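Everything below belongs to target.csv, which stores CSV, C-alpha atoms.
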```csv
chain,number,residue,atom,x,y,z
A,1,MET,CA,7.4,4.2,3.2
A,2,HIS,CA,9.5,2.0,5.4
A,3,ARG,CA,12.7,3.9,4.6
A,4,ARG,CA,11.4,7.1,6.2
A,5,HIS,CA,11.5,8.2,9.8
A,6,LEU,CA,8.5,6.7,11.7
A,7,LEU,CA,6.8,10.1,12.1
A,8,ASN,CA,7.1,10.8,8.4
A,9,LEU,CA,5.6,7.3,7.8
A,10,MET,CA,2.6,8.2,9.9
A,11,LEU,CA,2.1,11.5,8.1
A,12,ALA,CA,2.4,10.0,4.7
A,13,SER,CA,0.2,7.1,5.6
A,14,ALA,CA,-2.5,9.4,6.8
A,15,ALA,CA,-3.1,10.4,3.2
A,16,LEU,CA,-4.0,6.8,2.4
A,17,ALA,CA,-6.7,6.8,5.1
A,18,LEU,CA,-8.8,9.2,3.1
A,19,PRO,CA,-11.5,7.7,0.9
A,20,PHE,CA,-10.4,7.6,-2.7
A,21,ASP,CA,-13.8,8.6,-4.0
A,22,VAL,CA,-13.8,11.9,-2.2
A,23,SER,CA,-16.0,14.6,-3.6
A,24,SER,CA,-14.4,17.2,-5.8
A,25,ALA,CA,-12.3,19.6,-3.7
A,26,GLN,CA,-11.2,23.1,-4.5
A,27,ILE,CA,-7.7,24.4,-4.0
A,28,LEU,CA,-8.7,27.8,-2.7
A,29,ASN,CA,-5.4,29.5,-1.8
A,30,ALA,CA,-1.7,29.0,-1.2
A,31,ARG,CA,0.5,30.5,1.5
A,32,LEU,CA,4.2,30.6,2.1
A,33,TRP,CA,6.5,30.6,5.2
A,34,ARG,CA,10.2,30.6,5.5
A,35,SER,CA,12.5,29.6,8.3
A,36,ASP,CA,16.3,29.0,8.5
A,37,ASP,CA,16.1,25.4,7.5
A,38,LYS,CA,13.0,25.0,5.4
A,39,LEU,CA,10.3,26.5,3.2
A,40,ARG,CA,6.6,25.7,4.1
A,41,LEU,CA,3.9,25.9,1.4
A,42,VAL,CA,0.3,25.5,2.5
A,43,PHE,CA,-2.6,24.9,0.2
A,44,ASP,CA,-6.0,25.8,1.6
A,45,LEU,CA,-8.6,23.2,0.5
A,46,SER,CA,-12.4,23.2,0.5
A,47,GLY,CA,-12.4,19.5,1.6
A,48,PRO,CA,-10.3,16.4,1.9
A,49,VAL,CA,-8.2,15.2,-1.0
A,50,SER,CA,-6.3,12.1,-2.1
A,51,TYR,CA,-2.8,13.0,-3.5
A,52,LYS,CA,0.6,11.7,-4.3
A,53,THR,CA,3.9,13.4,-5.0
A,54,PHE,CA,7.1,12.6,-6.8
A,55,SER,CA,10.2,14.5,-8.0
A,56,LEU,CA,11.9,14.9,-11.4
A,57,SER,CA,15.4,16.2,-12.3
A,58,SER,CA,17.0,18.0,-15.3
A,59,PRO,CA,15.4,20.4,-14.5
A,60,ASP,CA,14.5,19.9,-10.8
A,61,ARG,CA,10.7,19.7,-10.2
A,62,LEU,CA,8.3,18.5,-7.6
A,63,ILE,CA,5.0,17.1,-8.8
A,64,LEU,CA,1.8,17.1,-6.8
A,65,ASP,CA,-1.1,15.1,-8.2
A,66,LEU,CA,-4.5,15.6,-6.5
A,67,SER,CA,-7.4,13.3,-7.4
A,68,GLY,CA,-10.7,14.9,-8.2
A,69,ALA,CA,-9.6,18.4,-7.3
A,70,SER,CA,-9.5,21.7,-9.2
A,71,VAL,CA,-7.7,25.0,-8.6
A,72,SER,CA,-9.8,28.1,-7.9
A,73,GLY,CA,-7.0,30.2,-6.2
A,74,ASP,CA,-4.2,32.2,-7.7
A,75,PHE,CA,-0.6,31.3,-7.0
A,76,SER,CA,1.0,34.1,-9.0
A,77,GLN,CA,1.2,36.5,-6.0
A,78,LEU,CA,3.3,34.2,-3.8
A,79,PRO,CA,6.7,35.7,-2.8
A,80,LEU,CA,8.9,33.1,-4.4
A,81,GLY,CA,12.1,35.3,-4.6
A,82,ASN,CA,15.2,33.8,-2.9
A,83,THR,CA,13.4,30.5,-2.3
A,84,VAL,CA,14.1,27.0,-3.7
A,85,ILE,CA,10.8,27.4,-5.7
A,86,ARG,CA,11.3,29.2,-9.1
A,87,SER,CA,7.6,29.0,-10.1
A,88,ILE,CA,4.4,27.2,-9.6
A,89,ARG,CA,2.1,26.1,-12.4
A,90,SER,CA,-1.0,23.9,-12.5
A,91,GLY,CA,-3.3,22.2,-15.0
A,92,ARG,CA,-5.9,19.5,-15.4
A,93,TYR,CA,-5.2,15.9,-16.5
A,94,GLY,CA,-7.0,12.6,-16.5
A,95,GLN,CA,-10.6,12.5,-15.4
A,96,GLY,CA,-11.0,15.6,-13.3
A,97,ASP,CA,-7.6,15.5,-11.5
A,98,THR,CA,-5.2,18.4,-11.0
A,99,ARG,CA,-1.4,18.4,-11.3
A,100,ILE,CA,0.6,21.2,-9.6
A,101,VAL,CA,4.3,21.5,-10.7
A,102,LEU,CA,6.9,23.3,-8.5
A,103,ASP,CA,9.8,24.3,-10.7
A,104,LEU,CA,12.9,24.4,-8.4
A,105,THR,CA,16.2,26.2,-8.4
A,106,GLY,CA,17.9,23.0,-7.3
A,107,PRO,CA,17.2,19.7,-5.6
A,108,ALA,CA,15.0,19.7,-2.5
A,109,GLN,CA,13.7,17.2,0.1
A,110,LEU,CA,10.0,17.1,0.5
A,111,ASN,CA,7.7,16.1,3.4
A,112,THR,CA,3.9,16.4,2.9
A,113,PHE,CA,0.9,15.9,5.2
A,114,LEU,CA,-2.7,16.8,5.5
A,115,LEU,CA,-4.3,18.9,8.3
A,116,ALA,CA,-8.0,18.5,9.2
A,117,PRO,CA,-10.1,21.6,10.1
A,118,GLN,CA,-9.2,23.2,13.4
A,119,ASP,CA,-8.9,26.6,15.1
A,120,GLY,CA,-11.1,28.3,12.4
A,121,GLN,CA,-9.1,26.9,9.5
A,122,GLY,CA,-10.3,24.4,7.0
A,123,HIS,CA,-8.6,21.4,5.3
A,124,ARG,CA,-4.9,22.1,4.4
A,125,LEU,CA,-2.2,20.3,2.5
A,126,VAL,CA,1.3,21.2,3.8
A,127,LEU,CA,4.5,20.9,1.8
A,128,ASP,CA,7.8,21.3,3.7
A,129,LEU,CA,10.8,21.8,1.4
A,130,VAL,CA,14.4,21.7,2.4
A,131,SER,CA,17.0,22.7,-0.1
A,132,GLY,CA,19.3,19.9,-1.2
A,133,THR,CA,22.3,21.9,-0.1
A,134,VAL,CA,21.0,22.2,3.5
A,135,GLY,CA,21.3,19.0,5.5
A,136,ALA,CA,20.5,16.7,2.6
A,137,PRO,CA,21.6,13.1,3.2
A,138,LYS,CA,24.4,11.7,1.1
A,139,VAL,CA,23.1,9.5,-1.8
A,140,PRO,CA,24.4,6.0,-1.4
A,141,ARG,CA,26.9,4.9,-4.1
A,142,GLU,CA,24.6,2.1,-5.3
A,143,THR,CA,21.8,4.6,-5.8
A,144,GLN,CA,24.0,6.9,-7.8
A,145,ALA,CA,25.2,4.0,-10.0
A,146,GLN,CA,21.6,2.8,-10.4
A,147,ALA,CA,20.6,6.3,-11.6
A,148,SER,CA,23.5,6.5,-14.0
A,149,ARG,CA,22.2,3.3,-15.6
A,150,GLY,CA,18.8,5.0,-16.2
A,151,HIS,CA,17.0,3.2,-13.4
A,152,PRO,CA,16.8,5.8,-10.7
A,153,LYS,CA,14.0,4.2,-8.6
A,154,ARG,CA,13.5,1.1,-6.5
A,155,ASP,CA,11.4,-2.0,-7.1
A,156,ILE,CA,8.1,-2.5,-5.3
A,157,ILE,CA,8.6,-5.3,-2.8
A,158,VAL,CA,5.8,-7.8,-2.5
A,159,VAL,CA,5.9,-10.5,0.2
A,160,VAL,CA,3.9,-13.6,-0.7
A,161,ASP,CA,2.9,-15.9,2.1
A,162,PRO,CA,1.7,-19.5,1.3
A,163,GLY,CA,-0.4,-20.4,4.2
A,164,HIS,CA,0.3,-23.3,6.6
A,165,GLY,CA,3.1,-25.8,5.7
A,166,GLY,CA,5.1,-28.5,7.4
A,167,LYS,CA,3.4,-30.0,10.4
A,168,ASP,CA,0.4,-27.7,9.7
A,169,PRO,CA,-1.4,-29.1,6.5
A,170,GLY,CA,-4.2,-26.5,6.7
A,171,ALA,CA,-7.6,-27.7,5.4
A,172,VAL,CA,-7.8,-31.2,3.8
A,173,GLY,CA,-10.3,-32.1,1.1
A,174,ALA,CA,-12.4,-35.1,0.8
A,175,LYS,CA,-9.9,-36.9,-1.4
A,176,GLY,CA,-6.9,-35.9,0.7
A,177,GLU,CA,-6.1,-32.6,-1.1
A,178,ARG,CA,-4.0,-30.5,1.3
A,179,GLU,CA,-4.3,-26.7,1.5
A,180,LYS,CA,-0.6,-26.3,2.2
A,181,ASP,CA,0.3,-27.9,-1.2
A,182,VAL,CA,-2.3,-25.9,-3.3
A,183,VAL,CA,-1.3,-22.5,-1.9
A,184,LEU,CA,2.4,-23.1,-2.2
A,185,SER,CA,1.9,-23.9,-5.9
A,186,ILE,CA,-0.2,-20.8,-6.5
A,187,SER,CA,2.2,-18.6,-4.5
A,188,GLN,CA,5.2,-19.8,-6.5
A,189,LEU,CA,3.4,-19.1,-9.7
A,190,LEU,CA,2.6,-15.6,-8.5
A,191,ALA,CA,6.2,-15.0,-7.4
A,192,ARG,CA,7.5,-16.0,-10.9
A,193,ARG,CA,5.0,-13.6,-12.5
A,194,LEU,CA,6.1,-10.8,-10.3
A,195,LYS,CA,9.8,-11.4,-10.9
A,196,ARG,CA,9.2,-11.1,-14.7
A,197,GLU,CA,7.5,-7.7,-14.3
A,198,LYS,CA,9.9,-4.7,-14.4
A,199,GLY,CA,9.5,-2.6,-11.2
A,200,PHE,CA,8.6,-5.4,-8.9
A,201,ASP,CA,10.5,-7.7,-6.6
A,202,VAL,CA,9.1,-10.6,-4.5
A,203,ARG,CA,9.9,-12.6,-1.5
A,204,LEU,CA,8.2,-15.9,-0.5
A,205,VAL,CA,7.6,-16.6,3.2
A,206,ARG,CA,8.2,-20.2,2.4
A,207,ASN,CA,9.3,-21.9,-0.8
A,208,ASP,CA,9.0,-25.4,0.4
A,209,ASP,CA,7.0,-27.6,2.8
A,210,PHE,CA,7.9,-26.2,6.2
A,211,PHE,CA,6.1,-24.6,9.1
A,212,VAL,CA,6.3,-20.8,9.8
A,213,PRO,CA,4.6,-19.4,12.9
A,214,LEU,CA,2.2,-16.5,12.3
A,215,ARG,CA,4.4,-14.0,14.2
A,216,LYS,CA,7.4,-14.9,12.0
A,217,ARG,CA,5.3,-14.4,8.8
A,218,VAL,CA,4.6,-10.8,9.8
A,219,ASP,CA,8.2,-10.3,10.8
A,220,ILE,CA,9.4,-11.5,7.4
A,221,ALA,CA,7.3,-8.9,5.7
A,222,ARG,CA,8.7,-6.1,7.8
A,223,GLN,CA,12.3,-7.4,7.6
A,224,HIS,CA,12.1,-7.2,3.8
A,225,LYS,CA,10.6,-3.7,4.0
A,226,ALA,CA,7.6,-4.9,2.0
A,227,ASP,CA,5.3,-2.6,0.2
A,228,MET,CA,2.5,-5.2,0.5
A,229,PHE,CA,1.9,-8.6,2.1
A,230,ILE,CA,-0.4,-11.2,0.6
A,231,SER,CA,-1.3,-14.4,2.4
A,232,VAL,CA,-2.7,-17.2,0.1
A,233,HIS,CA,-5.1,-19.8,1.4
A,234,ALA,CA,-7.7,-22.4,0.3
A,235,ASP,CA,-9.5,-23.1,3.6
A,236,ALA,CA,-12.4,-25.2,4.7
A,237,ALA,CA,-15.8,-23.8,5.7
A,238,PRO,CA,-18.5,-25.0,8.2
A,239,ARG,CA,-20.8,-25.6,5.3
A,240,LEU,CA,-19.6,-27.9,2.5
A,241,THR,CA,-21.7,-26.0,0.0
A,242,ALA,CA,-19.6,-22.8,0.6
A,243,SER,CA,-17.5,-22.0,-2.5
A,244,GLY,CA,-15.7,-19.3,-4.3
A,245,ALA,CA,-12.8,-16.9,-3.6
A,246,SER,CA,-12.7,-14.3,-0.8
A,247,VAL,CA,-10.4,-11.5,0.2
A,248,TYR,CA,-9.9,-10.5,3.8
A,249,CYS,CA,-8.3,-7.5,5.6
A,250,LEU,CA,-7.7,-6.8,9.2
A,251,SER,CA,-10.4,-5.5,11.4
A,252,GLU,CA,-9.6,-3.8,14.7
A,253,GLY,CA,-13.3,-4.3,15.7
A,254,GLY,CA,-15.6,-7.1,15.1
A,255,ALA,CA,-15.7,-9.4,12.0
A,256,THR,CA,-17.9,-8.3,9.1
A,257,SER,CA,-19.6,-11.7,8.9
A,258,ALA,CA,-19.8,-15.1,10.7
A,259,THR,CA,-17.7,-16.6,8.0
A,260,ALA,CA,-15.0,-14.0,8.4
A,261,ARG,CA,-15.0,-14.6,12.2
A,262,PHE,CA,-14.8,-18.4,11.7
A,263,MET,CA,-11.9,-18.0,9.2
A,264,ALA,CA,-9.9,-15.7,11.5
A,265,GLN,CA,-10.4,-18.0,14.5
A,266,ARG,CA,-9.4,-21.0,12.4
A,267,GLU,CA,-6.2,-19.3,11.1
A,268,ASN,CA,-5.1,-17.7,14.3
A,269,GLY,CA,-5.5,-20.8,16.5
A,270,ALA,CA,-3.4,-20.3,19.6
A,271,ASP,CA,-0.8,-18.1,17.8
A,272,LEU,CA,-2.4,-14.8,18.6
A,273,LEU,CA,-0.5,-11.6,17.9
A,274,GLY,CA,-0.7,-8.2,19.4
A,275,ALA,CA,0.1,-5.4,16.9
A,276,THR,CA,1.6,-3.2,19.6
A,277,SER,CA,4.6,-5.5,19.7
A,278,LEU,CA,5.5,-4.8,16.0
A,279,LEU,CA,6.5,-1.1,16.2
A,280,ASN,CA,9.5,0.0,18.1
A,281,LEU,CA,7.7,2.4,20.4
A,282,LYS,CA,9.4,1.5,23.7
A,283,ASP,CA,11.1,4.9,24.0
A,284,LYS,CA,7.9,6.9,23.3
A,285,ASP,CA,5.5,8.4,25.7
A,286,PRO,CA,2.6,5.8,26.1
A,287,MET,CA,0.0,8.3,24.8
A,288,LEU,CA,2.2,9.3,21.8
A,289,ALA,CA,2.9,5.6,21.1
A,290,GLY,CA,-0.8,4.9,21.1
A,291,VAL,CA,-1.6,7.8,18.7
A,292,ILE,CA,1.2,6.7,16.3
A,293,LEU,CA,0.0,3.1,16.3
A,294,ASP,CA,-3.6,4.1,15.7
A,295,MET,CA,-2.7,6.4,12.9
A,296,SER,CA,-0.5,3.8,11.2
A,297,MET,CA,-3.0,0.9,11.7
A,298,ASN,CA,-5.9,3.0,10.4
A,299,ALA,CA,-4.0,4.1,7.4
A,300,THR,CA,-2.7,0.6,6.7
A,301,ILE,CA,-6.2,-0.9,6.9
A,302,ALA,CA,-7.6,1.7,4.6
A,303,ALA,CA,-4.8,0.9,2.0
A,304,SER,CA,-5.4,-2.8,2.5
A,305,LEU,CA,-9.1,-2.4,1.8
A,306,GLN,CA,-8.4,-0.7,-1.5
A,307,LEU,CA,-5.8,-3.3,-2.4
A,308,GLY,CA,-8.2,-6.1,-1.5
A,309,SER,CA,-11.0,-4.6,-3.5
A,310,THR,CA,-8.8,-4.4,-6.6
A,311,VAL,CA,-7.6,-8.0,-6.2
A,312,LEU,CA,-11.2,-9.2,-5.6
A,313,ASP,CA,-12.4,-7.5,-8.8
A,314,SER,CA,-9.5,-9.2,-10.7
A,315,LEU,CA,-10.5,-12.6,-9.4
A,316,ALA,CA,-14.1,-12.1,-10.3
A,317,GLY,CA,-13.3,-12.8,-14.0
A,318,ILE,CA,-11.5,-16.1,-13.1
A,319,THR,CA,-13.5,-17.9,-10.4
A,320,THR,CA,-16.8,-17.5,-8.5
A,321,LEU,CA,-16.7,-15.2,-5.5
A,322,HIS,CA,-17.9,-16.3,-2.1
A,323,GLN,CA,-18.3,-12.7,-1.1
A,324,LYS,CA,-18.5,-9.7,-3.5
A,325,ARG,CA,-16.9,-7.3,-1.0
A,326,VAL,CA,-13.7,-7.4,1.0
A,327,GLU,CA,-14.4,-9.0,4.5
A,328,GLN,CA,-12.6,-8.0,7.7
A,329,ALA,CA,-11.7,-9.9,10.8
A,330,GLY,CA,-8.9,-10.1,13.3
A,331,PHE,CA,-6.5,-12.2,11.3
A,332,ALA,CA,-3.2,-12.4,13.2
A,333,VAL,CA,-1.1,-12.8,10.0
A,334,LEU,CA,-2.4,-9.4,8.8
A,335,LYS,CA,-1.5,-7.4,11.9
A,336,SER,CA,1.4,-5.5,10.5
A,337,PRO,CA,0.8,-1.8,11.4
A,338,ASP,CA,2.8,-0.4,8.5
A,339,VAL,CA,2.5,-2.9,5.6
A,340,PRO,CA,-0.8,-3.1,3.6
A,341,SER,CA,-1.8,-6.8,4.0
A,342,ILE,CA,-4.5,-9.0,2.6
A,343,LEU,CA,-5.5,-12.7,3.0
A,344,VAL,CA,-6.9,-14.3,-0.2
A,345,GLU,CA,-9.0,-17.5,0.1
A,346,THR,CA,-8.6,-18.8,-3.4
A,347,GLY,CA,-11.5,-21.2,-2.9
A,348,PHE,CA,-12.7,-23.7,-0.3
A,349,ILE,CA,-10.9,-27.1,-0.4
A,350,SER,CA,-13.9,-28.4,1.6
A,351,ASN,CA,-16.1,-27.9,-1.4
A,352,ALA,CA,-15.9,-30.7,-4.0
A,353,ARG,CA,-16.1,-28.4,-7.0
A,354,ASP,CA,-13.6,-25.9,-5.7
A,355,SER,CA,-11.2,-28.6,-4.6
A,356,GLN,CA,-11.3,-30.3,-8.0
A,357,ARG,CA,-10.3,-27.1,-9.7
A,358,LEU,CA,-7.7,-25.9,-7.1
A,359,VAL,CA,-5.5,-28.9,-7.6
A,360,THR,CA,-5.2,-28.4,-11.4
A,361,ALA,CA,-2.2,-26.6,-12.8
A,362,ARG,CA,-4.4,-24.6,-15.2
A,363,HIS,CA,-6.6,-23.1,-12.5
A,364,GLN,CA,-3.7,-22.5,-10.2
A,365,GLN,CA,-2.0,-20.5,-13.0
A,366,ALA,CA,-5.3,-18.6,-13.6
A,367,ILE,CA,-5.5,-17.6,-9.9
A,368,ALA,CA,-1.9,-16.5,-9.8
A,369,ASP,CA,-2.4,-14.4,-12.9
A,370,GLY,CA,-5.5,-12.9,-11.4
A,371,LEU,CA,-3.7,-12.0,-8.2
A,372,PHE,CA,-0.9,-10.4,-10.2
A,373,ASN,CA,-3.3,-8.3,-12.2
A,374,GLY,CA,-5.0,-7.1,-9.1
A,375,LEU,CA,-1.7,-6.2,-7.4
A,376,GLN,CA,-0.4,-4.5,-10.6
A,377,ARG,CA,-3.6,-2.4,-11.0
A,378,TYR,CA,-3.4,-1.3,-7.3
A,379,PHE,CA,0.2,-0.1,-7.6
A,380,GLN,CA,-0.4,1.6,-10.9
A,381,LYS,CA,-3.0,3.7,-9.1
A,382,ASN,CA,-0.9,4.1,-5.9
A,383,PRO,CA,2.8,3.7,-6.7
A,384,PRO,CA,5.2,4.4,-3.9
A,385,ILE,CA,6.8,7.8,-4.5
A,386,ASP,CA,10.3,6.5,-4.8
A,387,SER,CA,9.4,3.5,-7.0
A,388,TYR,CA,10.2,2.7,-10.6
A,389,ILE,CA,6.5,2.7,-11.5
A,390,ALA,CA,6.0,6.2,-10.1
A,391,TRP,CA,9.1,7.4,-12.1
A,392,GLN,CA,7.8,5.7,-15.2
A,393,GLN,CA,4.4,7.3,-15.0
A,394,ALA,CA,6.0,10.7,-14.5
A,395,GLN,CA,7.8,10.3,-17.8
A,396,GLU,CA,4.5,9.6,-19.6
A,397,LYS,CA,2.3,12.4,-18.1
A,398,PRO,CA,2.1,15.9,-19.5
A,399,LEU,CA,2.6,19.2,-17.6
A,400,VAL,CA,6.0,18.4,-16.2
```

Render the structure in this file as structure tokens.
Amino acid sequence: MHRRHLLNLMLASAALALPFDVSSAQILNARLWRSDDKLRLVFDLSGPVSYKTFSLSSPDRLILDLSGASVSGDFSQLPLGNTVIRSIRSGRYGQGDTRIVLDLTGPAQLNTFLLAPQDGQGHRLVLDLVSGTVGAPKVPRETQAQASRGHPKRDIIVVVDPGHGGKDPGAVGAKGEREKDVVLSISQLLARRLKREKGFDVRLVRNDDFFVPLRKRVDIARQHKADMFISVHADAAPRLTASGASVYCLSEGGATSATARFMAQRENGADLLGATSLLNLKDKDPMLAGVILDMSMNATIAASLQLGSTVLDSLAGITTLHQKRVEQAGFAVLKSPDVPSILVETGFISNARDSQRLVTARHQQAIADGLFNGLQRYFQKNPPIDSYIAWQQAQEKPLV
């Protein structure tokens, strides 16, 4: 998403803000408009939908997958003559999902976005297509070479952030166990596992014992154009009896619990971060900048909550959970407005039983494997459109 124009990023991210358990929606109708530079296809919907798109070549097709939706309208009467769309077909797949395939006369660029009800019209899904021969950007040589080798899509980039480090030891256990050492080991194991998996690439915020300010950690994720950011911790709690793993996401409002509030205050310290400094909005009208930031942050938090829930479910089979839901608070290290971000407390080093397990190589490996499985499951459900995983899934699905 980071490779698109900022406005396209906002529009695409808006789709992530929709709940993923939306009630079954009907695709009621389709309409078509033409202009000199693009073709607009609008699907009228009975309600909100969750969707994803990807493209295929030889022959050229655009694929639209809608979760929990069905088609009740008729596309056969659309005037497709002299357009980039040769035909439109649809069918059911999976558990109640719908796939719509646009067969094309040639390559086309696609931009999609959802419109909420207004001016007497209901929910709409808008597809703007620009023919590949009109204003299409040149494909970089490395992309062409990659495609010729049979790997036409990019890796998903995960930035792993071992908390604390250097002059900041983090929490310290009763026997001198240091949080910064535990989380570095777990993060390195997670990074190795990600590197072994085709379709993923990984960056570590730190790969040794040195201090990185909170602001720099967020900057590193954005500099690497991360698809997700995971900060790994093993903190202390006010109560020594507190134990188990937790997953946290950003909250723009209040914390969801006293523990979440305590954790955020402890992690943030004096190094507080304002999200408005992270998007280049200086040249925008202040009102527009605020709208863009709100859209991006809301969509990113929604994606982070889904990611966090998947990771928490994965950890449940490995260790006890301190909370069975994803918590939210104002963690500074999670305040990237365009990168889904979670903070994982792998356990409490202030708890004697947690601390004893956290320092063992076996448990560290189990936690790293659990984190990997959660991340993998999330991206299998929500692969970036231009990623290898999305491309791989397209090869395996019918109706293409």

Review point. What lies within 8 Å of Ile88 of chain A using all atoms listed in the file, ignoring chain neighbours under 4 positions off, as a ChimeraX atom specification?
Key: /A:75-76,100-103

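Among the candidates A:Ile385, A:Val326, A:Leu250, A:Ile230, the one nearest to Ser309 of chain A when counting only C-alpha atoms is A:Val326.
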
Review point. So which residues touch Asp208 of chain A within 9 Å, counting only C-alpha atoms, skipping near sequence neighbours fewer than 3 positions away, as JSON, numbers by chain?
Key: {"A": [165, 166, 184]}

Residues of the last selection are to be written out with C-alpha atoms, as a PDB file, keeping the file's coordinate frame.
```
ATOM      1  CA  GLY A 165       3.100 -25.800   5.700  1.00  0.00           C
ATOM      2  CA  GLY A 166       5.100 -28.500   7.400  1.00  0.00           C
ATOM      3  CA  LEU A 184       2.400 -23.100  -2.200  1.00  0.00           C
TER       4      LEU A 184
END
```

Which residues, written as a tab-separated table (two decimals) with C-alpha atoms, in the coordinates of the input, have at least one atom at most 9 Å from Leu189 of chain A, with all atoms listed in the file counted and residues fewer than 5 positions away on the same chain left out?
```tsv
chain	number	residue	atom	x	y	z
A	184	LEU	CA	2.40	-23.10	-2.20
A	194	LEU	CA	6.10	-10.80	-10.30
A	364	GLN	CA	-3.70	-22.50	-10.20
A	365	GLN	CA	-2.00	-20.50	-13.00
A	368	ALA	CA	-1.90	-16.50	-9.80
A	369	ASP	CA	-2.40	-14.40	-12.90
```

Exercise for review: Excluding Gly199 of chain A and any residue of its chain fewer than 3 positions from it, enumerate the residues within 8 Å of it, using all atoms listed in the file, and give them as a list in words.
Suggested key: Arg154, Asp155, Ile156, Ser387, Tyr388 and Ile389 of chain A

Practice item. For the point (9.3, 19.6, -7.1) in the file's frame, write as a ChimeraX atom specification all residues with an atom no more than 8 Å away, counting all atoms listed in the file. Key: /A:54-56,60-64,101-104,108

Check your understanding: Which of these residues is nearest to Leu321 of chain A, using all atoms listed in the file: A:Asn207, A:Asn29, A:Ser243, A:Ser341?
Key -> A:Ser243

Check your understanding: Using only C-alpha atoms, which residue out of A:Leu307, A:Ala191, A:Ile342, A:Ala242 lies closest to Gln323 of chain A?
Key -> A:Ala242

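From atom CA of Ser336 of chain A back to atom CA of Thr320 of chain A, the distance works out to 28.9 Å.
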
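Residues lying at most 8 Å from (-12.1, 27.5, -5.5) in file coordinates, with only C-alpha atoms considered, are A:Gln26, A:Ile27, A:Leu28, A:Asn29, A:Ser46, A:Ser70, A:Val71, A:Ser72, A:Gly73.
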
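Coordinates place atom CA of Val247 of chain A at a distance of 12.8 Å from atom CA of Thr319 of chain A.
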
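Among the candidates A:Gln392, A:Ser314, A:Thr105, A:Asn351, the one nearest to Ile367 of chain A when counting all atoms listed in the file is A:Ser314.
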
Exercise for review: For each of A:Leu214, A:Ile157, A:Ile349, A:Val172, take the minimum atom-to-atom distance to Phe229 of chain A, counting only C-alpha atoms, then give the residue where this is smallest.
Suggested key: A:Ile157

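Counting from atom CA of Gly370 of chain A, the distance to atom CA of Arg193 of chain A is 10.6 Å.
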
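Shortest atom-to-atom contact with Met228 of chain A among A:Leu32, A:Ala390, A:Leu343, A:Val49: A:Leu343, counting all atoms listed in the file.
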
Tell me which protein, DNA and RNA residues are within 8 Å of Ala226 of chain A, counting all atoms listed in the file, leaving out same-chain ones fewer than 3 positions away, and put them as a PDB file with C-alpha atoms, in the coordinates of the input.
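Saved the output as result-v1.pdb:
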```pdb
ATOM      1  CA  HIS A   2       9.500   2.000   5.400  1.00  0.00           C
ATOM      2  CA  ILE A 156       8.100  -2.500  -5.300  1.00  0.00           C
ATOM      3  CA  ILE A 157       8.600  -5.300  -2.800  1.00  0.00           C
ATOM      4  CA  VAL A 158       5.800  -7.800  -2.500  1.00  0.00           C
ATOM      5  CA  VAL A 159       5.900 -10.500   0.200  1.00  0.00           C
ATOM      6  CA  ALA A 221       7.300  -8.900   5.700  1.00  0.00           C
ATOM      7  CA  ARG A 222       8.700  -6.100   7.800  1.00  0.00           C
ATOM      8  CA  GLN A 223      12.300  -7.400   7.600  1.00  0.00           C
ATOM      9  CA  PHE A 229       1.900  -8.600   2.100  1.00  0.00           C
ATOM     10  CA  VAL A 339       2.500  -2.900   5.600  1.00  0.00           C
TER      11      VAL A 339
END
```
